[in-house]
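Heads up, the thing below is written out as structure tokens.
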Amino acid sequence: MDISSARSLAGPPIPLGAGAAGRRSSSSFHLLLRQRRHLRANFRCSVDATKPAAVASEAEAAAGRRECFGVFCTTYDLKADDKTKSWKKLVNIAVSGAAGMISNHLLFKLASGEVFGPDQPIALKLLGSERSFQALEGVAMELEDSLYPLLREVSIGIDPYEVFEDVDWALLIGAKPRGPGMERAALLDINGQIFADQGKALNAVASPNVKVMVVGNPCNTNALICLKNAPNIPAKNFHALTRLDENRAKCQLALKAGVFYDKVSNVTIWGNHSTTQVPDFLNAKIDGRPAKEVIQDTKWLEEEFTKTVQTRGGVLIQKWGRSSAASTAVSIVDSIRSLVTPTPEGDWFSSGVYTTGNPYGIAEDIVFSMPCRSKGDGDYELVSKVEMDDFLWERIKKSEAELLAEKKCVAHLTGEGDAFCDLPGDTMLPGEK
């Protein structure tokens with residue numbers, strides 16, 4: 001059934017917004033389309049095109065109305081079916097910027113079981129804006145048409161207090177890109193407001209142990225803003241995405257060494273997701289050997305390798321005409337999988353995490369990319385034993401200085417007083433022109 005047909009059958013539109021009580025009491029397989037309470041649904045539908053959609057009962061109205069389209073309008077009692085499967089408890093995943101290009105690649109990886117496993121059912125809760133709501137409906141339709149058996153629920157909305165309710169994972173992708181002539185300080189303020197609001201919403205309605213992955217740039221400082229506005233959620237649960245930088249570094253080392261990239265391990269991205277980031281070749285390994293033993297061209301490692309990783313995003317824009325989307329989605333998948341599967345013995349992965357209590361001497365109370373290991377329970381620990389030389393430490397301190405300056409720029413958003421911006425050079429984000 002197309003949307004226009006659904007509208008003609010539906011009768012008057014009904015306000016959307018399913019409450020938690022209503023959602024938990026139902027065992028039906030459905031697609032939830034939720035908007036703010038002041039918005040109204042554009043369509044309803046029924047399985048039999050000759051019959052009008054059923055009118056919601058008073059009990060349903062009290063709990064919050066639900067809307068659907070296509071196959072999700074049929075309700076199935078899944079209890080008997082679920083007894084035959086060894087599926088786990090439903091995982092609720094919120095994605096902001098859900099109508100964007102990165103999400104367009106990511107959502108289908110999540111729904112397929114590629115991220116959380118082939119026996120893990122999920123619910124996708126997609127956050128957009130009033131401007132993008134129609135596009136969100138299109139995304140939901142594509143998910144519907146893909147018939148993913150693990151995708152048990154999809155909801156869309158524009159209010160983070162509704163979309164983030166009870167979520168176990170929050171993937172915060174949506175952010176304003178830096179436009180021509182925009183100062184980095186202005187970008188920090190504009191996007192900082194977004195992540196302050198989302199932090200407050202997560203603090204109010206998300207699962208108390210929600211894991212938060214910040215992708216929208218500048219992601220390190222946005223993650224700091226978000227965690228500062230969510231005091232009830234452990235600061236350790238917040239991550240800034242630097243895995244794409246790690247993946248790029250692994251690729252360059254593999255190319256130089258003449259090996260496939262699965263031979264490269266122990267690669268760390270230190271610091272900020274900007275052109276001050278530090279791809280660490282000192283601790284990296286190629287086929288189990290120190291990278292510096294395999295690649296003995298020190299000049300290449302210190303200059304070309306480092307610069308290539310730092311500026312890879314900008315080069316991609318010049319070639320492709322847009323910033324990376326598919327590879328960013330892959331790196332989000334890699335980051336989540338690194339947290340939900342045990343880290344191979346002796347290896348580690350990069351993530352921008354809260355520095356308080358770190359063993360390296362990096363300034364506390366910022367979000368800084370560092371080497372992490374996980375037991376596969378969604379948590380992580382910092383790798384305590386890494387080599388450090390003057391070349392590496394000097395560059396780490398430069399990235400640290402940039403993040404400390406960014407922190408001062410957003411003090412008004414973290415509850416630390418008035419903002420004061422004195423950034424040490426207007427460094428670009430990877431991918432900016």
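Ligands are numbered from 1 in the order shown, chains are lettered A, B, ... in the order of the structure tokens, and residues start at 1 in each chain.
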### Picked from range 133-335 of chain A by DSSP as strand (DSSP E or B), as a ChimeraX atom specification
/A:151-157,169-172,211-214,238-240,264-265,268-271,278-280,285-286,289-290
### Task
Would you mind writing down, as a PyMOL selection string, each residue of range 297-371 of chain A that DSSP on the backbone assigns to helix (DSSP H, G or I)?
chain A and resi 298-320+326-340
### Query
What is the CA of Leu150 in chain A-CA of Ala170 in chain A distance in Å, reported with one decimal?
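According to the coordinates, CA of Leu150 in chain A and CA of Ala170 in chain A are separated by 18.4 Å.
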### Message
as a list in words, please: the residues near Ala185 in chain A (cut-off 8 Å, only C-alpha atoms, same-chain neighbours under 2 positions excluded).
### Response
Glu183, Leu187, Leu188, Asp189, Glu406, Cys409, Cys421 and Leu423 of chain A
Keeping C-alpha atoms, export the residues of the selection given above as a PDB file, in the first residue's frame.
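Saved file selection.pdb follows:
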```
ATOM      1  CA  GLU A 183      35.324  29.999  12.963  1.00  0.00           C
ATOM      2  CA  LEU A 187      31.107  25.618  15.446  1.00  0.00           C
ATOM      3  CA  LEU A 188      31.924  24.559  18.997  1.00  0.00           C
ATOM      4  CA  ASP A 189      29.149  26.771  20.339  1.00  0.00           C
ATOM      5  CA  GLU A 406      38.249  23.977  23.333  1.00  0.00           C
ATOM      6  CA  CYS A 409      35.362  27.774  24.738  1.00  0.00           C
ATOM      7  CA  CYS A 421      38.052  31.204  23.465  1.00  0.00           C
ATOM      8  CA  LEU A 423      42.306  28.433  20.399  1.00  0.00           C
TER       9      LEU A 423
END
```
### d(CA of Thr268 in chain A, CA of Leu110 in chain A) in Å
25.4 Å
#### Entry: All residues 9 Å or closer to Asp379 in chain A, only C-alpha atoms, same chain fewer than 4 positions away omitted, as an MDAnalysis selection string
chainID A and resid 211 236:237 339:340 373:375
### Task
Excluding Val386 in chain A and residues on its chain fewer than 3 positions from it, collect all residues at most 9 Å away from it, counting only C-alpha atoms, and give them as a VMD selection string.
chain A and resid 283 360 371 383
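Taking CA of Val139 in chain A and CA of Gly100 in chain A as the two end points, the separation is 9.7 Å.
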### Query
What lies within 12 Å of Ser335 in chain A using only C-alpha atoms, ignoring chain neighbours under 5 positions off, as a ChimeraX atom specification?
/A:115-116,171,211-215,239-247,328-330,340-341,343,348-352,372-374,376,378-380
Output C-alpha atoms for every residue in that selection, as a PDB file, in the first residue's frame.
```
ATOM      1  CA  VAL A 115      27.033  -5.287  14.984  1.00  0.00           C
ATOM      2  CA  PHE A 116      25.425  -6.971  18.001  1.00  0.00           C
ATOM      3  CA  LEU A 171      24.821   6.985  18.565  1.00  0.00           C
ATOM      4  CA  LYS A 211      26.658   3.763  26.181  1.00  0.00           C
ATOM      5  CA  VAL A 212      27.045   6.963  24.162  1.00  0.00           C
ATOM      6  CA  MET A 213      29.052   7.262  20.929  1.00  0.00           C
ATOM      7  CA  VAL A 214      29.532  10.863  19.748  1.00  0.00           C
ATOM      8  CA  VAL A 215      30.227  11.202  16.027  1.00  0.00           C
ATOM      9  CA  HIS A 239      33.014   7.876  23.583  1.00  0.00           C
ATOM     10  CA  ALA A 240      34.165  10.184  20.800  1.00  0.00           C
ATOM     11  CA  LEU A 241      34.641   8.400  17.492  1.00  0.00           C
ATOM     12  CA  THR A 242      38.303   8.169  16.464  1.00  0.00           C
ATOM     13  CA  ARG A 243      38.116   4.670  15.007  1.00  0.00           C
ATOM     14  CA  LEU A 244      38.015   5.925  11.418  1.00  0.00           C
ATOM     15  CA  ASP A 245      41.371   7.614  12.044  1.00  0.00           C
ATOM     16  CA  GLU A 246      42.721   4.326  13.417  1.00  0.00           C
ATOM     17  CA  ASN A 247      41.441   2.438  10.384  1.00  0.00           C
ATOM     18  CA  THR A 328      32.487   6.426   8.941  1.00  0.00           C
ATOM     19  CA  ALA A 329      29.585   4.011   9.358  1.00  0.00           C
ATOM     20  CA  VAL A 330      32.008   1.081   9.208  1.00  0.00           C
ATOM     21  CA  VAL A 340      30.771  -5.861  22.845  1.00  0.00           C
ATOM     22  CA  THR A 341      33.365  -8.502  21.886  1.00  0.00           C
ATOM     23  CA  THR A 343      39.680  -7.588  22.574  1.00  0.00           C
ATOM     24  CA  TRP A 348      43.860  -2.754  21.655  1.00  0.00           C
ATOM     25  CA  PHE A 349      41.657  -0.180  19.925  1.00  0.00           C
ATOM     26  CA  SER A 350      41.315   3.609  19.917  1.00  0.00           C
ATOM     27  CA  SER A 351      38.451   5.601  21.363  1.00  0.00           C
ATOM     28  CA  GLY A 352      38.029   9.142  22.638  1.00  0.00           C
ATOM     29  CA  CYS A 372      41.521   0.740  25.174  1.00  0.00           C
ATOM     30  CA  ARG A 373      40.747  -2.926  25.771  1.00  0.00           C
ATOM     31  CA  SER A 374      37.376  -4.564  26.477  1.00  0.00           C
ATOM     32  CA  GLY A 376      33.151  -7.624  25.610  1.00  0.00           C
ATOM     33  CA  GLY A 378      30.369  -2.836  26.753  1.00  0.00           C
ATOM     34  CA  ASP A 379      32.937  -1.471  29.189  1.00  0.00           C
ATOM     35  CA  TYR A 380      36.656  -0.869  28.630  1.00  0.00           C
TER      36      TYR A 380
END
```
### Task
Pick out the residues sitting within 9 Å of Arg248 in chain A, and hand them over as an MDAnalysis selection string; count only C-alpha atoms, and ignore anything fewer than 6 positions along from it in its own chain.
chainID A and resid 308:309 312
Once you count only C-alpha atoms, what closest atom pair and distance in Å to one decimal does each residue of range 223-316 of chain A within 10 Å of range 204-207 of chain A have, with rows by chain and rising residue number, as JSON lines?
```
{"residue": "A:Ala230", "atom": "CA", "partner": "A:Ala204", "partner_atom": "CA", "distance": 8.0}
{"residue": "A:Pro231", "atom": "CA", "partner": "A:Ala204", "partner_atom": "CA", "distance": 9.9}
{"residue": "A:Asn232", "atom": "CA", "partner": "A:Ala204", "partner_atom": "CA", "distance": 8.5}
{"residue": "A:Ile233", "atom": "CA", "partner": "A:Ser207", "partner_atom": "CA", "distance": 8.6}
```
Got time to write the residues from that selection, N, CA, C and O atoms, as a PDB file, in the first residue's frame?
```pdb
ATOM      1  N   ALA A 230      25.024  15.118  31.671  1.00  0.00           N
ATOM      2  CA  ALA A 230      24.386  13.854  32.046  1.00  0.00           C
ATOM      3  C   ALA A 230      25.076  13.292  33.283  1.00  0.00           C
ATOM      4  O   ALA A 230      25.707  12.226  33.224  1.00  0.00           O
ATOM      5  N   PRO A 231      24.973  13.976  34.418  1.00  0.00           N
ATOM      6  CA  PRO A 231      25.726  13.561  35.611  1.00  0.00           C
ATOM      7  C   PRO A 231      25.312  12.220  36.183  1.00  0.00           C
ATOM      8  O   PRO A 231      26.083  11.620  36.948  1.00  0.00           O
ATOM      9  N   ASN A 232      24.130  11.724  35.840  1.00  0.00           N
ATOM     10  CA  ASN A 232      23.687  10.430  36.368  1.00  0.00           C
ATOM     11  C   ASN A 232      24.216   9.241  35.581  1.00  0.00           C
ATOM     12  O   ASN A 232      24.047   8.092  35.988  1.00  0.00           O
ATOM     13  N   ILE A 233      24.837   9.519  34.439  1.00  0.00           N
ATOM     14  CA  ILE A 233      25.418   8.461  33.610  1.00  0.00           C
ATOM     15  C   ILE A 233      26.926   8.451  33.821  1.00  0.00           C
ATOM     16  O   ILE A 233      27.555   9.511  33.795  1.00  0.00           O
TER      17      ILE A 233
END
```
### Task
Can you work out which one of A:Asp159, A:Asp365, A:Glu387, A:Glu394 has the shortest atom-to-atom distance to Ala223 in chain A, counting only C-alpha atoms?
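Selected residue with least distance to Ala223 in chain A: A:Asp365.
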### Nearest to Leu392 in chain A, chosen from A:Ala140, A:Pro279, A:Val154, A:Lys109, with only C-alpha atoms counted in the distances
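Smallest separation from Leu392 in chain A among the options: A:Pro279.
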### Query
Looking at only C-alpha atoms, which of A:Ala249, A:Val410, A:Leu151, A:Val264 is the one that sits closest to Glu304 in chain A?
A:Ala249
#### Entry: Residue nearest Pro359 in chain A among A:Lys125, A:Lys385, A:Gly157, A:Asp334 (counting only C-alpha atoms)
A:Lys385
